[in-house]
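Novice: Please find query.txt (compact mmCIF, C-alpha atoms) on the next line:
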```txt
# COMPACT_ATOMS: atom_id res chain seq x y z
CA MET A 74 170.27 97.25 134.39
CA LYS A 75 169.53 94.93 137.34
CA ALA A 76 172.99 93.33 137.24
CA PHE A 77 174.67 96.72 136.82
CA LEU A 78 172.87 98.20 139.85
CA LYS A 79 173.73 95.20 142.03
CA THR A 80 177.40 95.38 141.02
CA LEU A 81 177.54 99.12 141.65
CA LEU A 82 176.04 98.79 145.12
CA LYS A 83 178.23 95.82 146.07
CA LYS A 84 181.40 97.77 145.22
CA SER A 85 180.43 100.62 147.51
CA ALA A 86 181.68 100.94 151.11
CA VAL A 87 178.11 100.87 152.48
CA PRO A 88 177.16 97.97 154.84
CA VAL A 89 175.43 95.00 153.17
CA GLU A 90 172.01 95.50 154.84
CA THR A 91 172.02 99.18 153.90
CA ILE A 92 172.92 98.22 150.32
CA GLU A 93 169.99 95.81 150.20
CA THR A 94 167.61 98.47 151.55
CA LEU A 95 168.86 100.98 148.96
CA TYR A 96 168.53 98.42 146.16
CA HIS A 97 164.92 97.62 147.01
CA MET A 98 164.05 101.31 147.12
CA ILE A 99 164.73 101.48 143.37
CA PRO A 100 161.47 101.06 141.39
CA ASP A 101 161.05 97.99 139.20
CA SER A 102 160.73 100.23 136.15
CA LEU A 103 164.38 101.22 136.66
CA ILE A 104 165.70 97.88 137.93
CA TYR A 105 164.24 95.89 135.03
CA GLY A 106 164.51 98.65 132.48
CA LYS A 107 162.94 99.14 129.07
CA PRO A 108 161.72 95.52 128.52
CA TYR A 109 159.70 95.78 131.75
CA ARG A 110 158.21 99.17 130.85
CA ASP A 111 157.44 98.12 127.28
CA MET A 112 155.69 94.94 128.42
CA LEU A 113 153.56 96.81 130.94
CA ALA A 114 152.55 99.20 128.15
CA ILE A 115 151.53 96.24 125.96
CA TYR A 116 149.52 94.76 128.84
CA ARG A 117 147.61 98.02 129.28
CA GLN A 118 146.59 97.81 125.62
CA SER A 119 146.01 94.05 125.34
CA ASP A 120 143.55 94.03 128.25
CA HIS A 121 141.19 95.66 125.76
CA TRP A 122 142.07 93.57 122.69
CA ASP A 123 139.62 91.15 121.16
CA GLU A 124 140.44 87.52 120.40
CA HIS A 125 141.59 88.32 116.85
CA GLU A 126 144.02 91.02 118.04
CA LEU A 127 145.48 88.74 120.72
CA LYS A 128 145.99 85.93 118.22
CA SER A 129 147.52 88.28 115.64
CA TYR A 130 150.02 89.52 118.21
CA GLN A 131 150.92 85.93 119.13
CA GLU A 132 151.42 84.88 115.53
CA GLN A 133 153.65 87.83 114.70
CA ARG A 134 155.85 87.00 117.70
CA LEU A 135 155.76 83.32 116.69
CA ARG A 136 156.99 84.04 113.15
CA ASN A 137 159.88 86.09 114.55
CA LEU A 138 160.73 83.29 116.99
CA ILE A 139 160.65 80.57 114.32
CA HIS A 140 162.92 82.55 112.00
CA HIS A 141 165.35 83.20 114.85
CA ALA A 142 165.36 79.55 116.00
CA TYR A 143 165.90 78.22 112.47
CA THR A 144 168.72 80.68 111.78
CA HIS A 145 170.57 80.63 115.09
CA VAL A 146 169.68 77.50 117.09
CA PRO A 147 171.38 74.29 115.82
CA TYR A 148 168.77 71.97 117.31
CA TYR A 149 165.90 73.63 115.46
CA ARG A 150 167.82 73.89 112.19
CA GLU A 151 168.39 70.13 112.36
CA LEU A 152 164.78 69.50 113.44
CA PHE A 153 163.32 71.56 110.60
CA GLU A 154 165.54 70.02 107.97
CA GLY A 155 164.81 66.52 109.27
CA ASN A 156 161.06 67.18 108.97
CA ARG A 157 161.38 69.03 105.62
CA LEU A 158 160.22 72.30 107.16
CA GLU A 159 161.19 75.90 106.54
CA PRO A 160 160.31 78.97 108.62
CA ARG A 161 157.68 80.01 106.06
CA ASP A 162 155.80 76.78 106.85
CA ILE A 163 155.00 78.06 110.38
CA ASN A 164 152.82 81.13 109.96
CA THR A 165 149.95 80.46 112.33
CA ILE A 166 149.37 78.82 115.68
CA ASP A 167 147.73 75.88 113.89
CA ASP A 168 150.97 75.34 111.96
CA LEU A 169 152.78 74.57 115.21
CA GLU A 170 151.54 70.98 115.10
CA LYS A 171 154.03 70.38 112.28
CA ILE A 172 156.85 70.71 114.82
CA PRO A 173 157.63 67.73 117.11
CA PHE A 174 157.30 68.23 120.85
CA LEU A 175 160.23 69.34 123.00
CA THR A 176 160.68 67.47 126.30
CA SER A 177 162.88 67.92 129.34
CA HIS A 178 164.74 64.77 128.27
CA ILE A 179 165.56 66.37 124.90
CA VAL A 180 166.66 69.58 126.62
CA ARG A 181 169.12 67.61 128.76
CA GLU A 182 170.37 65.55 125.82
CA ARG A 183 170.71 68.44 123.34
CA TRP A 184 171.41 71.25 125.80
CA LYS A 185 174.27 72.92 123.91
CA ASP A 186 172.45 72.67 120.57
CA LEU A 187 169.45 74.56 122.01
CA ILE A 188 171.51 77.66 122.84
CA ALA A 189 171.23 80.44 120.26
CA THR A 190 174.60 81.12 118.65
CA ASN A 191 173.94 84.87 118.24
CA ILE A 192 173.23 85.53 121.95
CA SER A 193 176.49 86.12 123.81
CA LEU A 194 177.22 84.85 127.30
CA PHE A 195 176.82 88.44 128.57
CA ASN A 196 173.29 88.65 127.14
CA ARG A 197 171.88 85.54 128.74
CA GLU A 198 171.41 84.29 132.29
CA MET A 199 171.05 80.82 133.79
CA ALA A 200 167.75 79.63 135.25
CA HIS A 201 166.48 76.28 136.46
CA THR A 202 163.39 74.42 137.61
CA SER A 203 162.71 73.71 141.28
CA GLY A 204 163.17 69.94 140.89
CA THR A 205 159.76 69.12 142.36
CA SER A 206 159.00 66.42 139.78
CA GLY A 207 162.57 65.25 139.17
CA PRO A 208 166.13 66.56 138.80
CA SER A 209 166.39 70.31 138.22
CA LEU A 210 166.45 71.35 134.57
CA TYR A 211 168.87 74.14 133.68
CA PHE A 212 168.40 76.54 130.77
CA TYR A 213 169.16 80.08 129.63
CA PHE A 214 166.96 83.17 129.49
CA ASP A 215 167.87 86.22 127.50
CA LYS A 216 168.14 89.61 129.24
CA THR A 217 164.50 90.50 128.52
CA THR A 218 162.83 87.35 129.87
CA ILE A 219 163.00 88.09 133.60
CA PRO A 220 161.90 91.74 133.18
CA ILE A 221 158.92 90.54 131.12
CA GLU A 222 158.08 87.94 133.78
CA ARG A 223 158.19 90.68 136.44
CA ALA A 224 155.91 92.86 134.32
CA GLN A 225 153.47 89.96 134.15
CA ALA A 226 153.56 89.63 137.94
CA MET A 227 152.82 93.35 138.26
CA ARG A 228 149.98 92.98 135.77
CA HIS A 229 148.43 90.35 138.02
CA LEU A 230 148.64 92.67 141.03
CA LEU A 231 147.11 95.54 139.04
CA TRP A 232 144.19 93.29 138.13
CA LEU A 233 143.62 92.94 141.89
CA ASP A 234 143.62 96.68 142.70
CA TYR A 235 147.28 96.98 143.70
CA ARG A 236 148.23 100.54 144.61
CA ASN A 237 151.73 101.98 144.71
CA GLY A 238 153.01 101.52 148.26
CA ASP A 239 150.89 98.48 149.11
CA LYS A 240 152.76 96.05 151.35
CA ILE A 241 153.30 92.45 150.19
CA ALA A 242 154.22 89.39 152.26
CA VAL A 243 155.84 86.53 150.34
CA ILE A 244 155.68 83.10 152.00
CA LYS A 245 157.63 80.12 150.65
CA GLY A 246 159.32 76.98 151.90
CA GLN A 247 162.79 78.08 150.85
CA PRO A 248 165.43 79.32 153.29
CA LEU A 249 166.28 83.02 153.27
CA THR A 250 169.73 84.38 152.43
CA ASN A 251 170.49 83.95 156.13
CA PRO A 252 169.14 80.42 156.78
CA LYS A 253 169.00 81.11 160.54
CA LYS A 254 166.23 83.65 160.01
CA ILE A 255 162.60 82.94 159.12
CA VAL A 256 161.55 86.51 158.24
CA LYS A 257 163.24 89.31 156.35
CA TYR A 258 162.02 92.87 155.81
CA LEU A 259 162.80 94.61 152.53
CA HIS A 260 161.93 98.10 153.68
CA GLY A 261 162.58 99.78 150.35
CA SER A 262 160.07 97.63 148.48
CA ARG A 263 157.67 97.34 151.45
CA GLU A 264 157.97 93.55 151.31
CA LEU A 265 158.20 90.89 154.01
CA ARG A 266 159.74 87.57 153.02
CA VAL A 267 158.86 84.54 155.12
CA SER A 268 160.60 81.16 155.12
CA LEU A 269 158.58 78.15 156.26
CA VAL A 270 161.33 75.55 156.19
CA ASN A 271 160.24 74.32 159.62
CA ALA A 272 156.58 74.05 160.55
CA ASP A 273 156.79 73.64 164.34
CA ASP A 274 154.47 75.61 166.63
CA GLN A 275 157.17 78.07 167.70
CA THR A 276 158.00 78.97 164.10
CA LEU A 277 154.35 79.33 163.13
CA ASP A 278 153.66 81.55 166.14
CA LYS A 279 156.54 83.86 165.17
CA ILE A 280 155.42 84.02 161.53
CA VAL A 281 151.86 84.95 162.48
CA ARG A 282 153.07 87.63 164.88
CA GLU A 283 155.30 89.10 162.16
CA LEU A 284 152.39 89.13 159.70
CA GLU A 285 150.18 90.76 162.32
CA HIS A 286 152.75 93.52 162.81
CA PHE A 287 153.43 93.98 159.07
CA GLN A 288 149.74 94.12 157.99
CA PRO A 289 150.26 93.36 154.28
CA GLN A 290 147.70 94.36 151.64
CA PHE A 291 148.64 91.24 149.65
CA ILE A 292 150.05 87.86 150.63
CA ARG A 293 151.76 85.74 147.99
CA GLY A 294 152.91 82.23 148.62
CA TRP A 295 153.01 78.52 148.02
CA PRO A 296 149.65 76.88 148.81
CA SER A 297 151.25 74.24 151.08
CA CYS A 298 152.86 76.92 153.26
CA LEU A 299 149.74 79.09 153.46
CA TYR A 300 147.67 76.02 154.28
CA ILE A 301 149.93 75.09 157.22
CA ILE A 302 149.84 78.64 158.59
CA SER A 303 146.07 78.99 158.18
CA ARG A 304 145.42 75.70 159.98
CA TRP A 305 147.63 76.83 162.84
CA MET A 306 145.74 80.14 163.09
CA LEU A 307 142.35 78.42 163.09
CA ARG A 308 143.43 75.90 165.70
CA ASN A 309 144.85 78.63 167.95
CA ASN A 310 142.07 81.18 167.39
CA GLN A 311 144.51 83.65 165.80
CA SER A 312 143.54 86.15 163.13
CA LEU A 313 145.06 88.94 161.04
CA ILE A 314 143.74 92.10 159.44
CA PRO A 315 142.52 90.61 156.14
CA PRO A 316 144.65 91.44 153.08
CA LYS A 317 142.99 92.42 149.81
CA PHE A 318 143.81 89.04 148.29
CA ILE A 319 145.91 85.92 148.81
CA LEU A 320 147.89 85.03 145.66
CA THR A 321 148.95 81.40 145.31
CA SER A 322 151.32 79.90 142.76
CA SER A 323 154.15 77.38 142.16
CA GLU A 324 152.18 74.41 143.57
CA ASN A 325 148.82 72.81 143.04
CA LEU A 326 146.03 74.62 144.85
CA TYR A 327 143.68 71.86 146.00
CA PRO A 328 140.08 72.69 147.04
CA TYR A 329 140.66 71.68 150.67
CA MET A 330 143.70 73.99 150.78
CA LYS A 331 141.84 76.93 149.30
CA GLU A 332 138.99 76.53 151.77
CA GLN A 333 141.30 76.49 154.79
CA ILE A 334 143.46 79.38 153.55
CA GLU A 335 140.43 81.58 152.97
CA GLN A 336 139.03 80.71 156.39
CA GLY A 337 142.31 81.35 158.18
CA PHE A 338 143.22 84.63 156.47
CA HIS A 339 139.64 85.89 155.88
CA ALA A 340 140.56 86.79 152.31
CA ARG A 341 139.88 85.39 148.84
CA VAL A 342 142.48 83.20 147.19
CA ILE A 343 143.46 84.04 143.60
CA ASP A 344 145.59 81.40 141.91
CA GLY A 345 148.16 81.51 139.15
CA TYR A 346 149.67 78.77 136.99
CA GLY A 347 153.13 78.80 135.47
CA GLN A 348 156.50 77.11 135.47
CA SER A 349 160.16 78.09 135.70
CA GLU A 350 160.61 77.53 131.96
CA PHE A 351 158.12 80.40 131.36
CA VAL A 352 156.48 78.67 128.39
CA ALA A 353 152.82 78.92 129.47
CA TYR A 354 151.15 81.02 132.15
CA ALA A 355 147.53 81.47 133.21
CA LEU A 356 146.26 83.78 135.97
CA GLN A 357 142.95 84.22 137.72
CA CYS A 358 141.49 87.72 137.79
CA SER A 359 139.49 89.13 140.71
CA HIS A 360 136.40 87.18 139.59
CA GLY A 361 138.20 83.86 140.09
CA LYS A 362 136.14 82.34 137.25
CA GLY A 363 138.88 80.44 135.45
CA TYR A 364 142.48 81.13 134.49
CA HIS A 365 143.34 83.73 131.83
CA VAL A 366 146.05 82.36 129.53
CA GLN A 367 148.83 84.95 129.18
CA MET A 368 148.78 85.00 125.40
CA GLU A 369 151.20 87.91 125.09
CA THR A 370 154.18 85.96 126.47
CA GLY A 371 153.50 82.42 125.28
CA ILE A 372 151.37 80.08 123.21
CA MET A 373 149.53 77.42 125.17
CA GLU A 374 148.35 74.27 123.39
CA LEU A 375 146.04 71.82 125.12
CA ILE A 376 146.84 68.31 123.89
CA PRO A 377 144.16 65.66 124.70
CA TYR A 378 145.31 63.42 127.53
CA GLN A 379 142.46 61.39 129.00
CA GLY A 380 138.79 62.26 129.24
CA GLU A 381 138.30 65.96 129.98
CA PHE A 382 142.00 66.48 130.76
CA SER A 383 144.56 67.96 128.37
CA GLU A 384 148.31 68.28 128.76
CA ILE A 385 149.69 71.81 128.61
CA VAL A 386 152.27 72.34 125.86
CA GLY A 387 153.85 75.76 125.78
CA THR A 388 155.94 77.95 123.49
CA CYS A 389 157.76 80.88 125.08
CA LEU A 390 157.60 84.03 122.95
CA CYS A 391 160.13 86.05 124.95
CA ASN A 392 163.33 84.04 125.21
CA SER A 393 165.72 84.18 122.28
CA ALA A 394 168.68 82.73 124.20
CA MET A 395 167.32 79.19 124.46
CA PRO A 396 163.93 78.93 122.75
CA PHE A 397 161.47 76.33 124.03
CA ILE A 398 159.01 75.58 121.23
CA ARG A 399 156.13 73.13 121.88
CA TYR A 400 157.54 72.16 125.26
CA LYS A 401 155.62 69.39 127.08
CA THR A 402 155.10 70.61 130.64
CA GLY A 403 153.62 67.40 132.05
CA ASP A 404 150.82 69.50 133.58
CA LEU A 405 147.13 68.84 133.07
CA ALA A 406 144.31 71.33 132.64
CA ILE A 407 140.65 71.54 131.70
CA ARG A 408 139.58 73.97 128.99
CA GLN A 409 136.92 76.61 129.73
CA GLU A 410 134.59 77.80 127.00
CA GLU A 411 132.46 80.27 128.97
CA PRO A 412 133.82 83.84 128.97
CA CYS A 413 134.96 85.51 132.20
CA PRO A 414 132.73 88.26 133.65
CA CYS A 415 135.74 90.62 133.54
CA GLY A 416 135.35 90.90 129.76
CA ARG A 417 138.94 90.02 128.84
CA LYS A 418 139.11 87.96 125.66
CA SER A 419 142.12 85.75 126.38
CA SER A 420 141.77 81.97 126.29
CA LEU A 421 140.60 80.41 129.56
CA LEU A 422 141.32 77.32 131.62
CA ALA A 423 138.56 76.08 133.92
CA GLU A 424 140.99 74.22 136.14
CA VAL A 425 144.70 73.48 136.40
CA VAL A 426 145.08 69.93 137.70
CA GLY A 427 148.85 69.85 137.96
CA ARG A 428 151.21 67.00 137.23
CA THR A 429 149.95 63.81 135.61
CA SER A 430 150.96 62.01 138.84
CA ASP A 431 148.21 63.89 140.67
CA LEU A 432 145.70 61.47 139.22
CA ILE A 433 145.45 57.72 139.47
CA PHE A 434 143.68 56.03 136.57
CA ARG A 435 142.15 52.61 136.94
CA GLN A 436 142.69 50.09 134.16
CA GLU A 437 138.97 50.27 133.30
CA GLY A 438 139.47 53.72 131.80
CA PRO A 439 139.65 57.43 132.52
CA GLU A 440 135.95 57.68 133.35
CA ALA A 441 136.73 55.82 136.60
CA ARG A 442 139.44 58.21 137.72
CA GLN A 443 139.39 59.79 141.16
CA ALA A 444 141.78 62.39 142.51
CA LEU A 445 143.56 61.86 145.79
CA SER A 446 143.01 65.55 146.46
CA GLN A 447 139.30 64.75 146.94
CA CYS A 448 139.96 62.94 150.21
CA THR A 449 138.31 64.62 153.20
CA PHE A 450 140.59 63.61 156.08
CA TYR A 451 143.16 66.40 155.58
CA ASN A 452 141.56 68.76 158.07
CA LEU A 453 141.29 66.33 160.97
CA ASN A 454 142.71 67.88 164.14
CA GLU A 455 144.76 64.73 164.76
CA ILE A 456 146.68 65.20 161.50
CA LYS A 457 149.36 67.83 160.93
CA GLU A 458 150.54 66.98 157.41
CA THR A 459 149.93 64.34 154.75
CA GLN A 460 151.72 63.14 151.63
CA PHE A 461 151.04 60.37 149.11
CA VAL A 462 153.90 58.43 147.52
CA LEU A 463 153.09 56.27 144.49
CA GLU A 464 155.84 53.66 144.80
CA ASP A 465 154.69 51.59 141.83
CA ASN A 466 151.53 50.61 139.97
CA ASP A 467 150.31 48.54 142.91
CA THR A 468 151.44 50.40 146.04
CA LEU A 469 150.43 53.74 147.52
CA ILE A 470 152.09 54.96 150.72
CA VAL A 471 150.15 57.53 152.75
CA LYS A 472 152.61 59.41 154.95
CA VAL A 473 150.94 61.06 157.93
CA VAL A 474 152.44 63.42 160.51
CA PRO A 475 150.20 63.15 163.61
CA ARG A 476 149.77 66.15 165.88
CA LYS A 477 150.14 64.15 169.08
CA GLU A 478 149.06 60.56 168.82
CA PHE A 479 147.84 58.48 165.92
CA SER A 480 144.84 56.40 166.95
CA PRO A 481 143.80 53.19 165.14
CA ALA A 482 140.43 54.83 164.43
CA VAL A 483 142.09 57.67 162.50
CA LYS A 484 144.24 55.19 160.57
CA ASP A 485 141.14 53.20 159.58
CA LEU A 486 139.39 56.42 158.54
CA ILE A 487 142.30 57.33 156.27
CA LEU A 488 142.31 53.91 154.64
CA ARG A 489 138.55 54.02 154.02
CA GLU A 490 138.70 57.54 152.64
CA VAL A 491 141.58 56.80 150.23
CA ARG A 492 139.81 53.69 148.95
CA ARG A 493 136.61 55.69 148.48
CA CYS A 494 138.43 58.34 146.43
CA LEU A 495 140.26 55.79 144.29
CA SER A 496 137.21 53.56 143.85
CA THR A 497 139.40 50.47 143.77
CA SER A 498 140.39 47.61 146.04
CA ASP A 499 143.31 46.48 143.84
CA LEU A 500 145.81 49.06 145.06
CA LYS A 501 147.88 48.23 148.13
CA ILE A 502 147.59 51.17 150.54
CA ILE A 503 150.06 51.59 153.39
CA VAL A 504 149.47 54.29 156.04
CA GLU A 505 152.85 55.27 157.47
CA GLU A 506 153.29 57.47 160.54
CA VAL A 507 156.26 59.85 160.16
CA ASP A 508 157.76 62.64 162.26
CA GLU A 509 157.81 65.13 159.39
CA ILE A 510 157.21 65.56 155.68
CA ARG A 511 160.65 66.49 154.42
CA PRO A 512 160.70 69.24 151.78
CA LEU A 513 162.19 68.45 148.39
CA THR A 514 165.36 70.15 147.20
CA GLY A 515 163.49 73.31 146.19
CA GLY A 516 161.69 73.51 149.54
CA LYS A 517 158.29 72.31 148.32
CA ARG A 518 156.06 69.75 150.04
CA PRO A 519 153.98 68.24 147.20
CA LEU A 520 150.85 66.40 148.19
CA ILE A 521 151.61 63.61 145.71
CA ILE A 522 154.95 62.19 144.63
CA GLY A 523 154.69 59.85 141.64
CA ARG A 524 157.46 57.28 141.41
CA SER A 525 155.54 54.90 139.20
CA PRO A 526 156.56 55.09 135.52
CA SER A 527 152.90 54.88 134.49
CA VAL A 528 151.78 58.03 136.32
```
Would you mind writing the file's structure down as structure tokens?

Specialist:
Amino acid sequence: MKAFLKTLLKKSAVPVETIETLYHMIPDSLIYGKPYRDMLAIYRQSDHWDEHELKSYQEQRLRNLIHHAYTHVPYYRELFEGNRLEPRDINTIDDLEKIPFLTSHIVRERWKDLIATNISLFNREMAHTSGTSGPSLYFYFDKTTIPIERAQAMRHLLWLDYRNGDKIAVIKGQPLTNPKKIVKYLHGSRELRVSLVNADDQTLDKIVRELEHFQPQFIRGWPSCLYIISRWMLRNNQSLIPPKFILTSSENLYPYMKEQIEQGFHARVIDGYGQSEFVAYALQCSHGKGYHVQMETGIMELIPYQGEFSEIVGTCLCNSAMPFIRYKTGDLAIRQEEPCPCGRKSSLLAEVVGRTSDLIFRQEGPEARQALSQCTFYNLNEIKETQFVLEDNDTLIVKVVPRKEFSPAVKDLILREVRRCLSTSDLKIIVEEVDEIRPLTGGKRPLIIGRSPSV
């Protein structure tokens, strides 16, 4: 339905901007069609399911997926036969461990063999990762995947008291359709899109003024972008009418970022975890007491990594075009056993750590680990932005964008603080003054870039 509506509007004689306004006036229930409406209906029910009902729903979807993958996906037929497995051998979530992991390397190597032979080109659409942790990975979704993902996004908003007509500002580091603009109003959907490709004072001033005029009830965005804007507002004594909530996603939300964002916007931050592959999602509710695993759309396995950390392995339950089963995400999380005060019975994560490169482990063992995100120098007035680059096992480069001048005292403070967090004197630490932290291809500015093969 979405593609049909876009094609219909594009073929009309109406000006492009008018077409876009008309398109965004169409409700999501019509744009994304029956899969969207059906998924929202399931979410309304599953919010009240107990653990057994959630697991039963997952396992029914899993059995359907396994039968489809074995019958129509060459890679899985070969994998099952090579491991002497048949679809009837995978009946429960526990049975999944019989299937070897899928990795991004395998996806690239066996790309064609992972495409379902019974899903035509017209019934699938291309998607890709942002390329934050390496080259972009391309894959197919079927025609229901995106609508289901949009229903999940709406579910999250409904958890946070979203009302029809509430205005939403979306702030990312990607350029808009017109790269010369930094803001774009979508009047039909009551949405303001903001591009923070450049983070100079003039751009930040314009963005804040636009937000002040728009007065959104919700702000969604990448943590790095919201952090930069909030620091600018605090430094310049600027404030906005507080939104109901700030929703962060797509990047790691570090404690120092969350603190500054909440101070700058005078609103609580609610985080969400997911990935472009849509294999495993977890969202905070309004209590913010852990992350609710979205069990209706995927199966999340937590594979022991080191100490309290587990790697997230996901199986997407809503993509028949190119199924990802037991896909290693490379992300780390900590399990939560205590239930959430909201009463929902889904599995919980206490914390999402992010990529394995976000941690440096000393040779003595995982008990000695310290996270670079625990450093306390980020909010110094002299510093505009920071980024860590792990060049190899012995060298860490700390890139720093100074606000005006970079004093030797500040440099010494950074060195001391990094060594304190890492609890080691073996690592060579280089503090490098730079003019800017250049965004990666997808527009993100990750705090840590791991180039070492061991991280």

Novice: Could you tell me which of A:Asp278, A:Glu478, A:Glu151, A:Glu332 comes closest to Asp186 (chain A) if we count only C-alpha atoms?

Specialist: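 Once distances to Asp186 (chain A) are computed over only C-alpha atoms, the minimum belongs to A:Glu151.
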
Novice: Which is closer to Glu350 (chain A) than all the others in A:Glu222, A:Glu154, A:Asp508, A:Glu411, using all atoms listed in the file?

Specialist: A:Glu222

Novice: Skipping near chain neighbours, those fewer than 5 positions away, what residues fall within 8 Å of Glu490 (chain A) using only C-alpha atoms, listed as a PDB file with C-alpha atoms, in the coordinates of the input?

Specialist:
```pdb
ATOM      1  CA  CYS A 448     139.960  62.940 150.210  1.00  0.00           C
ATOM      2  CA  THR A 449     138.310  64.620 153.200  1.00  0.00           C
ATOM      3  CA  PHE A 450     140.590  63.610 156.080  1.00  0.00           C
TER       4      PHE A 450
END
```

Novice: Please determine, counting all atoms listed in the file, which residue among A:Leu231, A:Leu187, A:Leu158, A:Ile314 has the shortest atom-to-atom distance to Asp120 (chain A).

Specialist: A:Leu231

Novice: Could you tell me, as number ranges by chain, which residues have any atom at most 12 Å from (134.9, 74.1, 124.2), counting only C-alpha atoms?

Specialist: A: 375, 381, 407-412, 420-423

Novice: Nearest residue to Ala272 (chain A) out of A:Gln131, A:Gln447, A:Ser297, A:Gln311, using all atoms listed in the file?

Specialist: A:Ser297

Novice: For region 283-294 of chain A, please output as a VMD selection string all residues within 10 Å (counting only C-alpha atoms; exclusion window: fewer than 2 positions along the same chain).

Specialist: chain A and resid 230 233 235 to 236 238 to 246 256 to 258 263 to 267 277 to 281 296 to 300 311 to 324 338 340 342 to 344

Novice: If you measure from CA of Arg183 (chain A) to CA of Glu170 (chain A), what distance in Å do you get, rounded to one decimal?

Specialist: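 Result for CA of Arg183 (chain A) versus CA of Glu170 (chain A): 21.0 Å, one decimal.
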
Novice: Counting only C-alpha atoms, which residues come within 12 Å of (165.8, 76.5, 113.1), with the point read in the file's coordinates, and could you list them as number ranges by chain?

Specialist: A: 136-163, 172, 186-190, 393, 395-398

Novice: Mind completing region 304-317 of chain A with N, CA and C atoms? Output as a PDB file, keeping the file's coordinate frame, please?

Specialist:
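Saved as result06.pdb:
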```
ATOM      1  N   ARG A 304     145.910  76.719 159.039  1.00  0.00           N
ATOM      2  CA  ARG A 304     145.420  75.700 159.980  1.00  0.00           C
ATOM      3  C   ARG A 304     145.882  76.008 161.397  1.00  0.00           C
ATOM      4  N   TRP A 305     147.116  76.478 161.517  1.00  0.00           N
ATOM      5  CA  TRP A 305     147.630  76.830 162.840  1.00  0.00           C
ATOM      6  C   TRP A 305     146.824  77.986 163.430  1.00  0.00           C
ATOM      7  N   MET A 306     146.518  78.994 162.606  1.00  0.00           N
ATOM      8  CA  MET A 306     145.740  80.140 163.090  1.00  0.00           C
ATOM      9  C   MET A 306     144.341  79.717 163.522  1.00  0.00           C
ATOM     10  N   LEU A 307     143.700  78.874 162.743  1.00  0.00           N
ATOM     11  CA  LEU A 307     142.350  78.420 163.090  1.00  0.00           C
ATOM     12  C   LEU A 307     142.353  77.600 164.368  1.00  0.00           C
ATOM     13  N   ARG A 308     143.364  76.750 164.516  1.00  0.00           N
ATOM     14  CA  ARG A 308     143.430  75.900 165.700  1.00  0.00           C
ATOM     15  C   ARG A 308     143.724  76.708 166.952  1.00  0.00           C
ATOM     16  N   ASN A 309     144.452  77.822 166.799  1.00  0.00           N
ATOM     17  CA  ASN A 309     144.850  78.630 167.950  1.00  0.00           C
ATOM     18  C   ASN A 309     144.051  79.924 168.086  1.00  0.00           C
ATOM     19  N   ASN A 310     142.950  80.010 167.325  1.00  0.00           N
ATOM     20  CA  ASN A 310     142.070  81.180 167.390  1.00  0.00           C
ATOM     21  C   ASN A 310     142.832  82.487 167.147  1.00  0.00           C
ATOM     22  N   GLN A 311     143.747  82.464 166.172  1.00  0.00           N
ATOM     23  CA  GLN A 311     144.510  83.650 165.800  1.00  0.00           C
ATOM     24  C   GLN A 311     143.943  84.220 164.496  1.00  0.00           C
ATOM     25  N   SER A 312     144.028  85.524 164.352  1.00  0.00           N
ATOM     26  CA  SER A 312     143.540  86.150 163.130  1.00  0.00           C
ATOM     27  C   SER A 312     144.391  87.367 162.799  1.00  0.00           C
ATOM     28  N   LEU A 313     144.327  87.781 161.532  1.00  0.00           N
ATOM     29  CA  LEU A 313     145.060  88.940 161.040  1.00  0.00           C
ATOM     30  C   LEU A 313     144.077  89.926 160.421  1.00  0.00           C
ATOM     31  N   ILE A 314     144.519  91.168 160.250  1.00  0.00           N
ATOM     32  CA  ILE A 314     143.740  92.100 159.440  1.00  0.00           C
ATOM     33  C   ILE A 314     143.724  91.542 158.020  1.00  0.00           C
ATOM     34  N   PRO A 315     142.562  91.281 157.445  1.00  0.00           N
ATOM     35  CA  PRO A 315     142.520  90.610 156.140  1.00  0.00           C
ATOM     36  C   PRO A 315     143.222  91.414 155.051  1.00  0.00           C
ATOM     37  N   PRO A 316     144.066  90.773 154.256  1.00  0.00           N
ATOM     38  CA  PRO A 316     144.650  91.440 153.080  1.00  0.00           C
ATOM     39  C   PRO A 316     143.590  91.578 151.995  1.00  0.00           C
ATOM     40  N   LYS A 317     143.924  92.310 150.936  1.00  0.00           N
ATOM     41  CA  LYS A 317     142.990  92.420 149.810  1.00  0.00           C
ATOM     42  C   LYS A 317     142.770  91.052 149.174  1.00  0.00           C
TER      43      LYS A 317
END
```
